[in-house]
file final_32.cif (mmCIF, C-alpha atoms)
data_protein
#
loop_
_atom_site.label_atom_id
_atom_site.label_comp_id
_atom_site.auth_asym_id
_atom_site.auth_seq_id
_atom_site.Cartn_x
_atom_site.Cartn_y
_atom_site.Cartn_z
CA MET A 1 0.00 0.00 0.00
CA LYS A 2 1.58 3.26 -1.16
CA THR A 3 -1.48 5.50 -1.11
CA ILE A 4 -1.08 9.08 0.11
CA ALA A 5 -4.17 10.81 1.53
CA TYR A 6 -4.73 14.53 1.08
CA LEU A 7 -7.41 17.19 1.45
CA GLY A 8 -9.41 17.10 -1.78
CA PRO A 9 -10.85 17.50 -4.26
CA PRO A 10 -8.14 16.91 -6.91
CA GLY A 11 -6.33 20.10 -7.83
CA THR A 12 -5.92 21.57 -4.34
CA PHE A 13 -2.58 22.73 -2.99
CA SER A 14 -2.72 19.70 -0.68
CA HIS A 15 -2.98 17.50 -3.78
CA GLU A 16 0.10 19.19 -5.23
CA ALA A 17 1.94 18.67 -1.93
CA ALA A 18 1.03 14.97 -2.02
CA VAL A 19 2.47 14.67 -5.54
CA THR A 20 5.61 16.52 -4.40
CA TRP A 21 6.07 14.14 -1.46
CA ARG A 22 5.62 11.03 -3.62
CA ARG A 23 8.18 12.29 -6.14
CA ARG A 24 10.62 12.88 -3.29
CA LEU A 25 10.25 9.23 -2.29
CA GLU A 26 10.29 7.84 -5.83
CA PRO A 27 11.73 10.47 -8.19
CA GLU A 28 11.80 8.14 -11.20
CA ARG A 29 8.20 6.96 -10.91
CA GLU A 30 5.49 8.34 -13.16
CA LYS A 31 2.50 10.02 -11.52
CA GLU A 32 -0.33 7.57 -10.82
CA VAL A 33 -3.54 9.20 -9.63
CA GLU A 34 -4.87 5.96 -8.14
CA GLU A 35 -2.11 6.10 -5.53
CA LEU A 36 -3.53 9.35 -4.14
CA LEU A 37 -6.66 9.46 -1.97
CA ALA A 38 -8.72 12.66 -1.86
CA CYS A 39 -10.43 13.17 1.51
CA PRO A 40 -13.28 15.56 2.33
CA ASP A 41 -11.60 17.13 5.36
CA LEU A 42 -8.47 17.02 7.53
CA PRO A 43 -9.90 14.52 10.07
CA GLY A 44 -10.62 12.29 7.06
CA VAL A 45 -6.93 12.44 6.06
CA VAL A 46 -5.88 11.32 9.54
CA ASP A 47 -8.56 8.62 9.61
CA ALA A 48 -7.38 7.21 6.27
CA VAL A 49 -3.85 6.73 7.63
CA LYS A 50 -5.03 5.48 11.02
CA ASN A 51 -7.26 2.84 9.42
CA HIS A 52 -4.61 1.70 6.90
CA ARG A 53 -6.31 3.07 3.78
CA ALA A 54 -3.20 5.18 3.18
CA MET A 55 0.44 4.89 4.21
CA ALA A 56 0.79 8.65 4.70
CA GLY A 57 -1.33 11.76 4.92
CA ILE A 58 -0.69 15.38 3.97
CA LEU A 59 -1.78 18.01 6.51
CA PRO A 60 -1.26 21.78 6.08
CA VAL A 61 0.30 23.16 9.25
CA GLU A 62 1.12 26.80 8.52
CA ASN A 63 0.98 29.47 5.85
CA SER A 64 3.46 32.34 5.69
CA ILE A 65 0.58 34.85 5.43
CA GLU A 66 -2.34 33.25 7.28
CA GLY A 67 -0.35 31.60 10.08
CA ALA A 68 -1.01 28.26 11.79
CA VAL A 69 -3.63 25.71 10.80
CA ASN A 70 -4.96 25.06 14.29
CA LEU A 71 -7.00 21.99 13.35
CA THR A 72 -3.85 20.20 12.22
CA LEU A 73 -2.16 20.92 15.56
CA ASP A 74 -5.18 19.61 17.45
CA LEU A 75 -5.42 16.47 15.31
CA LEU A 76 -1.76 15.59 15.85
CA LEU A 77 -2.12 16.11 19.59
CA GLU A 78 -5.15 13.83 19.77
CA GLU A 79 -3.81 11.06 17.53
CA MET A 80 -1.28 8.94 19.40
CA GLU A 81 -0.77 6.26 16.72
CA LEU A 82 0.71 8.53 14.07
CA GLN A 83 3.86 10.63 13.86
CA ILE A 84 5.24 13.32 11.59
CA ILE A 85 7.45 11.56 9.04
CA GLY A 86 8.28 14.48 6.74
CA GLU A 87 7.37 17.93 5.53
CA VAL A 88 6.69 19.67 2.24
CA ILE A 89 7.04 23.42 1.77
CA LEU A 90 5.00 24.52 -1.23
CA PRO A 91 5.18 27.96 -2.87
CA ILE A 92 1.65 29.35 -3.22
CA ASN A 93 1.42 31.09 -6.58
CA HIS A 94 -2.15 32.02 -7.43
CA CYS A 95 -3.30 32.15 -11.06
CA LEU A 96 -6.45 33.39 -12.74
CA LEU A 97 -7.91 30.47 -14.70
CA SER A 98 -10.72 30.85 -17.22
CA GLN A 99 -11.99 29.88 -20.64
CA ALA A 100 -12.74 33.56 -21.33
CA ASP A 101 -11.01 35.10 -24.32
CA ASP A 102 -9.48 37.79 -22.09
CA ILE A 103 -9.83 39.26 -18.62
CA ASN A 104 -12.40 41.81 -19.76
CA ALA A 105 -14.84 38.96 -20.49
CA VAL A 106 -14.72 37.65 -16.91
CA ARG A 107 -17.85 38.46 -14.90
CA GLU A 108 -17.33 36.32 -11.78
CA VAL A 109 -14.29 35.12 -9.80
CA TRP A 110 -14.58 32.10 -7.53
CA SER A 111 -12.06 30.62 -5.09
CA HIS A 112 -11.38 29.56 -1.53
CA PRO A 113 -11.79 32.44 0.97
CA GLN A 114 -8.06 32.50 1.78
CA ALA A 115 -7.10 32.64 -1.89
CA LEU A 116 -9.55 35.49 -2.47
CA ALA A 117 -8.13 37.36 0.52
CA GLN A 118 -4.57 36.84 -0.69
CA CYS A 119 -5.48 38.34 -4.09
CA ARG A 120 -7.69 41.18 -2.81
CA ARG A 121 -5.62 44.04 -4.23
CA TYR A 122 -5.27 42.40 -7.64
CA LEU A 123 -9.02 41.81 -7.89
CA ALA A 124 -9.81 45.39 -6.88
CA ALA A 125 -7.38 46.83 -9.42
CA VAL A 126 -7.90 44.50 -12.40
CA LEU A 127 -11.42 43.09 -11.98
CA PRO A 128 -13.38 45.72 -10.01
CA TRP A 129 -16.62 44.83 -11.84
CA ALA A 130 -16.45 41.07 -11.19
CA LYS A 131 -18.68 39.33 -8.68
CA ILE A 132 -16.56 37.55 -6.07
CA LYS A 133 -17.74 34.22 -4.65
CA ALA A 134 -16.11 32.07 -1.96
CA VAL A 135 -16.26 28.29 -2.37
CA THR A 136 -14.84 25.36 -0.41
CA SER A 137 -11.58 25.02 -2.38
CA THR A 138 -9.56 26.42 -5.24
CA ALA A 139 -10.10 23.09 -7.00
CA GLU A 140 -13.88 23.41 -6.78
CA ALA A 141 -13.57 26.86 -8.35
CA ALA A 142 -11.48 25.43 -11.19
CA GLY A 143 -14.11 22.78 -11.82
CA GLU A 144 -16.84 25.42 -12.03
CA ALA A 145 -14.74 27.52 -14.41
CA LEU A 146 -14.89 24.61 -16.86
CA LYS A 147 -18.66 25.06 -17.09
CA ARG A 148 -18.87 28.80 -17.77
CA PRO A 149 -16.62 30.94 -20.00
CA ASP A 150 -17.50 34.11 -18.05
CA LEU A 151 -16.29 32.62 -14.76
CA ALA A 152 -12.67 32.68 -13.57
CA ALA A 153 -11.11 30.68 -10.76
CA ILE A 154 -8.19 31.61 -8.57
CA ALA A 155 -6.13 28.43 -8.30
CA SER A 156 -2.67 27.05 -8.97
CA SER A 157 -0.93 26.27 -12.24
CA PHE A 158 -1.09 22.65 -11.01
CA ALA A 159 -4.90 22.90 -11.05
CA ALA A 160 -4.79 24.59 -14.45
CA SER A 161 -2.90 21.62 -15.87
CA LEU A 162 -5.17 19.08 -14.18
CA TYR A 163 -8.41 20.74 -15.34
CA ARG A 164 -6.93 21.91 -18.67
CA LEU A 165 -7.89 25.51 -18.06
CA PRO A 166 -6.09 28.44 -19.71
CA ILE A 167 -4.15 30.77 -17.42
CA LEU A 168 -5.17 34.41 -17.96
CA ALA A 169 -2.74 35.79 -15.36
CA GLN A 170 -0.03 34.33 -13.11
CA ASP A 171 1.30 35.26 -9.67
CA ILE A 172 -1.68 37.47 -8.81
CA GLN A 173 -1.22 37.16 -5.02
CA ASP A 174 -0.72 40.45 -3.18
CA TYR A 175 2.38 39.24 -1.30
CA SER A 176 5.38 37.51 -2.81
CA GLY A 177 7.01 34.65 -0.95
CA ASN A 178 3.67 33.07 0.02
CA LYS A 179 4.34 29.48 1.13
CA THR A 180 2.46 26.73 2.94
CA ARG A 181 4.17 24.07 5.02
CA PHE A 182 2.61 20.62 5.12
CA TRP A 183 3.30 17.85 7.60
CA VAL A 184 3.41 14.30 6.28
CA VAL A 185 2.00 11.91 8.89
CA GLY A 186 2.33 8.15 9.05
CA ARG A 187 3.61 5.31 11.18
CA GLU A 188 7.20 4.96 9.97
CA ALA A 189 9.55 7.59 8.59
CA PRO A 190 11.09 6.84 5.17
CA SER A 191 14.84 6.52 4.66
CA LEU A 192 15.79 10.05 3.62
CA THR A 193 19.00 11.92 4.33
CA GLY A 194 19.18 14.89 6.71
CA PRO A 195 19.37 17.54 7.97
CA TYR A 196 16.75 16.63 10.56
CA LYS A 197 14.00 18.44 12.37
CA THR A 198 12.06 17.43 15.47
CA SER A 199 8.52 18.56 16.30
CA LEU A 200 7.24 18.31 19.87
CA VAL A 201 4.58 19.65 22.20
CA VAL A 202 5.15 20.65 25.83
CA ALA A 203 3.06 21.99 28.69
CA ALA A 204 4.39 23.66 31.83
CA PRO A 205 3.10 22.59 35.28
CA ALA A 206 1.70 26.04 36.14
CA ASN A 207 0.90 29.39 34.57
CA ARG A 208 3.40 31.68 36.28
CA PRO A 209 6.08 34.24 35.30
CA GLY A 210 8.97 32.68 33.43
CA THR A 211 7.13 29.47 32.54
CA LEU A 212 8.00 29.58 28.86
CA TYR A 213 11.54 30.73 29.61
CA THR A 214 12.17 27.66 31.79
CA ILE A 215 11.28 25.48 28.82
CA LEU A 216 13.19 27.39 26.14
CA LYS A 217 16.41 28.21 28.00
CA ASP A 218 17.73 24.65 27.78
CA PHE A 219 17.49 24.74 23.98
CA ALA A 220 19.39 28.04 23.89
CA GLU A 221 22.10 26.84 26.26
CA ALA A 222 22.58 23.70 24.14
CA GLY A 223 22.83 25.77 20.95
CA ILE A 224 19.72 24.19 19.42
CA ASN A 225 17.92 26.38 16.88
CA LEU A 226 14.15 26.63 17.33
CA THR A 227 12.51 27.12 13.94
CA ARG A 228 8.94 27.59 15.17
CA ILE A 229 6.92 28.06 18.37
CA GLU A 230 3.12 28.00 18.40
CA SER A 231 0.81 28.14 21.42
CA ARG A 232 -2.57 26.44 21.66
CA PRO A 233 -5.08 26.50 24.56
CA THR A 234 -5.21 23.33 26.62
CA LYS A 235 -9.05 23.52 26.40
CA LYS A 236 -9.13 22.90 30.14
CA GLU A 237 -8.59 26.29 31.78
CA LEU A 238 -8.49 29.85 30.46
CA GLY A 239 -4.89 31.05 30.24
CA GLU A 240 -3.34 27.57 30.12
CA TYR A 241 -1.41 26.73 26.95
CA LEU A 242 0.43 24.00 25.14
CA PHE A 243 3.52 24.93 23.15
CA PHE A 244 4.25 23.32 19.80
CA ILE A 245 7.97 23.56 19.05
CA ASP A 246 10.00 22.74 15.95
CA CYS A 247 13.75 22.51 16.39
CA GLU A 248 16.78 21.36 14.46
CA GLY A 249 18.24 17.92 15.19
CA ARG A 250 17.19 14.37 15.98
CA CYS A 251 15.42 13.57 19.24
CA ASP A 252 17.58 10.47 19.77
CA GLU A 253 20.93 12.24 19.37
CA ALA A 254 22.89 14.73 21.46
CA PRO A 255 22.44 17.50 22.32
CA LEU A 256 18.66 17.38 21.71
CA ASN A 257 18.09 14.09 23.54
CA GLU A 258 19.83 15.54 26.61
CA VAL A 259 17.65 18.66 26.55
CA LEU A 260 14.48 16.59 26.26
CA ALA A 261 15.53 14.33 29.13
CA GLY A 262 16.01 17.39 31.34
CA LEU A 263 12.61 18.81 30.40
CA LYS A 264 10.68 15.70 31.40
CA SER A 265 10.90 16.51 35.10
CA ARG A 266 9.83 20.16 34.61
CA THR A 267 6.81 19.67 32.35
CA VAL A 268 3.43 18.00 32.75
CA LEU A 269 3.45 17.03 29.07
CA LEU A 270 6.33 16.33 26.72
CA ARG A 271 5.49 14.49 23.55
CA ILE A 272 7.61 14.01 20.46
CA LEU A 273 5.41 14.42 17.40
CA GLY A 274 8.14 13.26 15.05
CA THR A 275 11.77 13.45 13.98
CA TYR A 276 12.13 13.62 10.21
CA ALA A 277 14.62 14.33 7.44
CA LEU A 278 14.25 17.51 5.41
CA GLY A 279 16.16 16.26 2.38
#
call {"tool": "encode", "arguments": {"input": "final_32.cif", "output": "structure tokens"}}
result
Amino acid sequence: MKTIAYLGPPGTFSHEAAVTWRRRLEPEREKEVEELLACPDLPGVVDAVKNHRAMAGILPVENSIEGAVNLTLDLLLEEMELQIIGEVILPINHCLLSQADDINAVREVWSHPQALAQCRRYLAAVLPWAKIKAVTSTAEAAGEALKRPDLAAIASSFAASLYRLPILAQDIQDYSGNKTRFWVVGREAPSLTGPYKTSLVVAAPANRPGTLYTILKDFAEAGINLTRIESRPTKKELGEYLFFIDCEGRCDEAPLNEVLAGLKSRTVLLRILGTYALG
């Protein structure tokens, strides 16, 4: 079983990330759609891996403009059977897709709410007359654009190729450098070369001054680079938080394993979400 589950329908950025991950594992293999499983939502992606319908699942974890995907953090915290086995960082380059002869013939623009928000200035400047409609995904918008020549979708060039839609304009996002990071979840990490990253979640025993410092100082003293810190409510008491941390290194090698061993006695929760190669 080599199926990879992703948030569908086909043509989403999650779909593109799934294709990117598969090519990283098997660079010489031709794309086979039947090896990818489109799921209706993120819990469905996790469920597919948990129940052995897929060997891995693709979960968006953060966007450079929109920030963290909180549902992904919650799902990984709740699911004890799975671990993070890799990551994919995907550039988000929005395109205007349509069968219209030119932009002036476009009367409506459909896309996911985040894509519409990320192209707000472009739409106001170039298509001020167009009706804007939010739908569940950029892929759904692309599918609708196949049905009407006066409708344009904001989606990726990947979706344009998949749906065979002409691209009227490329890179229409308001901010350059837009990227989304995806976690790949599964049961066993593939054999890839480093460098390595470790993702973990910790919770301090009490909400008091210096709580976060007592957790982070050991990383600094050991010279371990923290690449990301994200807080999430514990859902138990107002003001109590969990801290999701990404850091460089393997959890089973020094100096990171020594830091983690020292933290165990000073935290009420310390869980390794995964150690995985970035190469």
call {"tool": "atom_distance", "arguments": {"input": "final_32.cif", "atom1": "CA of Gln114 in chain A", "atom2": "CA of Val88 in chain A"}}
result
19.6 Å
call {"tool": "residues_near_point", "arguments": {"input": "final_32.cif", "point": "(4.4, 7.6, 12.4)", "cutoff": "9 Å", "atoms": "only C-alpha atoms", "output": "number ranges by chain"}}
result
A: 56, 81-85, 185-189, 273-274
call {"tool": "closest_residue", "arguments": {"input": "final_32.cif", "among": "A:Asn51, A:Tyr276, A:Ala203, A:Thr198", "to": "Cys247 in chain A", "atoms": "all atoms listed in the file"}}
result
A:Thr198
call {"tool": "closest_atom_pairs", "arguments": {"input": "final_32.cif", "of": "range 72-178 of chain A", "to": "range 14-29 of chain A", "cutoff": "9 Å", "atoms": "all atoms listed in the file", "output": "Markdown table"}}
result
| residue | atom | partner | partner_atom | distance |
| --- | --- | --- | --- | --- |
| A:Gly86 | CA | A:Trp21 | CA | 8.5 |
| A:Glu87 | CA | A:Trp21 | CA | 8.1 |
| A:Val88 | CA | A:Ala17 | CA | 6.4 |
| A:Ile89 | CA | A:Ala17 | CA | 7.9 |
| A:Leu90 | CA | A:Ala17 | CA | 6.6 |
| A:Phe158 | CA | A:Glu16 | CA | 6.8 |
| A:Ala159 | CA | A:Glu16 | CA | 8.5 |
call {"tool": "resolve_selection", "arguments": {"input": "final_32.cif", "expression": "the PyMOL selection byres ((chain A and resi 98) around 12)", "output": "PyMOL selection string"}}
result
chain A and resi 95-97+99-110+141-155+157+159-160+163-170
call {"tool": "atom_distance", "arguments": {"input": "final_32.cif", "atom1": "CA of Lys264 in chain A", "atom2": "CA of Pro205 in chain A"}}
result
11.0 Å
call {"tool": "resolve_selection", "arguments": {"input": "final_32.cif", "expression": "the PyMOL selection byres ((chain A and resi 2) around 10)", "output": "PyMOL selection string"}}
result
chain A and resi 1+3-5+22+34-36+53-56
call {"tool": "closest_atom_pairs", "arguments": {"input": "final_32.cif", "of": "range 167-241 of chain A", "to": "range 61-78 of chain A", "cutoff": "6 Å", "atoms": "only C-alpha atoms", "output": "JSON lines"}}
result
{"residue": "A:Asn178", "atom": "CA", "partner": "A:Ser64", "partner_atom": "CA", "distance": 5.7}
{"residue": "A:Lys179", "atom": "CA", "partner": "A:Ser64", "partner_atom": "CA", "distance": 5.5}
{"residue": "A:Thr180", "atom": "CA", "partner": "A:Asn63", "partner_atom": "CA", "distance": 4.3}
{"residue": "A:Arg181", "atom": "CA", "partner": "A:Glu62", "partner_atom": "CA", "distance": 5.4}
{"residue": "A:Phe182", "atom": "CA", "partner": "A:Val61", "partner_atom": "CA", "distance": 5.4}
call {"tool": "residues_near_point", "arguments": {"input": "final_32.cif", "point": "(18.3, 23.8, 24.0)", "cutoff": "9 Å", "atoms": "only C-alpha atoms", "output": "list in words"}}
result
Ile215, Leu216, Lys217, Asp218, Phe219, Ala220, Glu221, Ala222, Gly223, Ile224, Asn225, Leu226, Cys247, Pro255, Leu256, Glu258, Val259 and Leu260 of chain A
call {"tool": "write_last_selection", "arguments": {"input": "final_32.cif", "atoms": "C-alpha atoms", "output": "PDB file, in the frame of the given file"}}
result
ATOM      1  CA  ILE A 215      11.280  25.480  28.820  1.00  0.00           C
ATOM      2  CA  LEU A 216      13.190  27.390  26.140  1.00  0.00           C
ATOM      3  CA  LYS A 217      16.410  28.210  28.000  1.00  0.00           C
ATOM      4  CA  ASP A 218      17.730  24.650  27.780  1.00  0.00           C
ATOM      5  CA  PHE A 219      17.490  24.740  23.980  1.00  0.00           C
ATOM      6  CA  ALA A 220      19.390  28.040  23.890  1.00  0.00           C
ATOM      7  CA  GLU A 221      22.100  26.840  26.260  1.00  0.00           C
ATOM      8  CA  ALA A 222      22.580  23.700  24.140  1.00  0.00           C
ATOM      9  CA  GLY A 223      22.830  25.770  20.950  1.00  0.00           C
ATOM     10  CA  ILE A 224      19.720  24.190  19.420  1.00  0.00           C
ATOM     11  CA  ASN A 225      17.920  26.380  16.880  1.00  0.00           C
ATOM     12  CA  LEU A 226      14.150  26.630  17.330  1.00  0.00           C
ATOM     13  CA  CYS A 247      13.750  22.510  16.390  1.00  0.00           C
ATOM     14  CA  PRO A 255      22.440  17.500  22.320  1.00  0.00           C
ATOM     15  CA  LEU A 256      18.660  17.380  21.710  1.00  0.00           C
ATOM     16  CA  GLU A 258      19.830  15.540  26.610  1.00  0.00           C
ATOM     17  CA  VAL A 259      17.650  18.660  26.550  1.00  0.00           C
ATOM     18  CA  LEU A 260      14.480  16.590  26.260  1.00  0.00           C
TER      19      LEU A 260
END
call {"tool": "axis_aligned_box", "arguments": {"input": "final_32.cif", "around": "range 135-138 of chain A", "padding_each_side": "8 Å", "output": "AutoDock Vina command-line options"}}
result
--center_x -12.9 --center_y 26.7 --center_z -2.8 --size_x 22.7 --size_y 19.3 --size_z 20.8
call {"tool": "closest_residue", "arguments": {"input": "final_32.cif", "among": "A:Thr138, A:Thr234, A:Ser161, A:Asn257", "to": "Leu269 in chain A", "atoms": "all atoms listed in the file"}}
result
A:Thr234
call {"tool": "residues_around", "arguments": {"input": "final_32.cif", "residues": "range 37-41 of chain A", "least_positions_apart": "3", "cutoff": "7 Å", "atoms": "only C-alpha atoms", "output": "ChimeraX atom specification"}}
result
/A:3-10,44-45
call {"tool": "write_last_selection", "arguments": {"input": "final_32.cif", "atoms": "C-alpha atoms", "output": "compact mmCIF listing (two decimals), in the coordinates of the input"}}
result
# COMPACT_ATOMS: atom_id res chain seq x y z
CA THR A 3 -1.48 5.50 -1.11
CA ILE A 4 -1.08 9.08 0.11
CA ALA A 5 -4.17 10.81 1.53
CA TYR A 6 -4.73 14.53 1.08
CA LEU A 7 -7.41 17.19 1.45
CA GLY A 8 -9.41 17.10 -1.78
CA PRO A 9 -10.85 17.50 -4.26
CA PRO A 10 -8.14 16.91 -6.91
CA GLY A 44 -10.62 12.29 7.06
CA VAL A 45 -6.93 12.44 6.06
call {"tool": "atom_distance", "arguments": {"input": "final_32.cif", "atom1": "CA of Phe244 in chain A", "atom2": "CA of Ile229 in chain A"}}
result
5.6 Å
call {"tool": "closest_residue", "arguments": {"input": "final_32.cif", "among": "A:Thr267, A:Asn93, A:Ser191, A:Ser199", "to": "Tyr175 in chain A", "atoms": "all atoms listed in the file"}}
result
A:Asn93
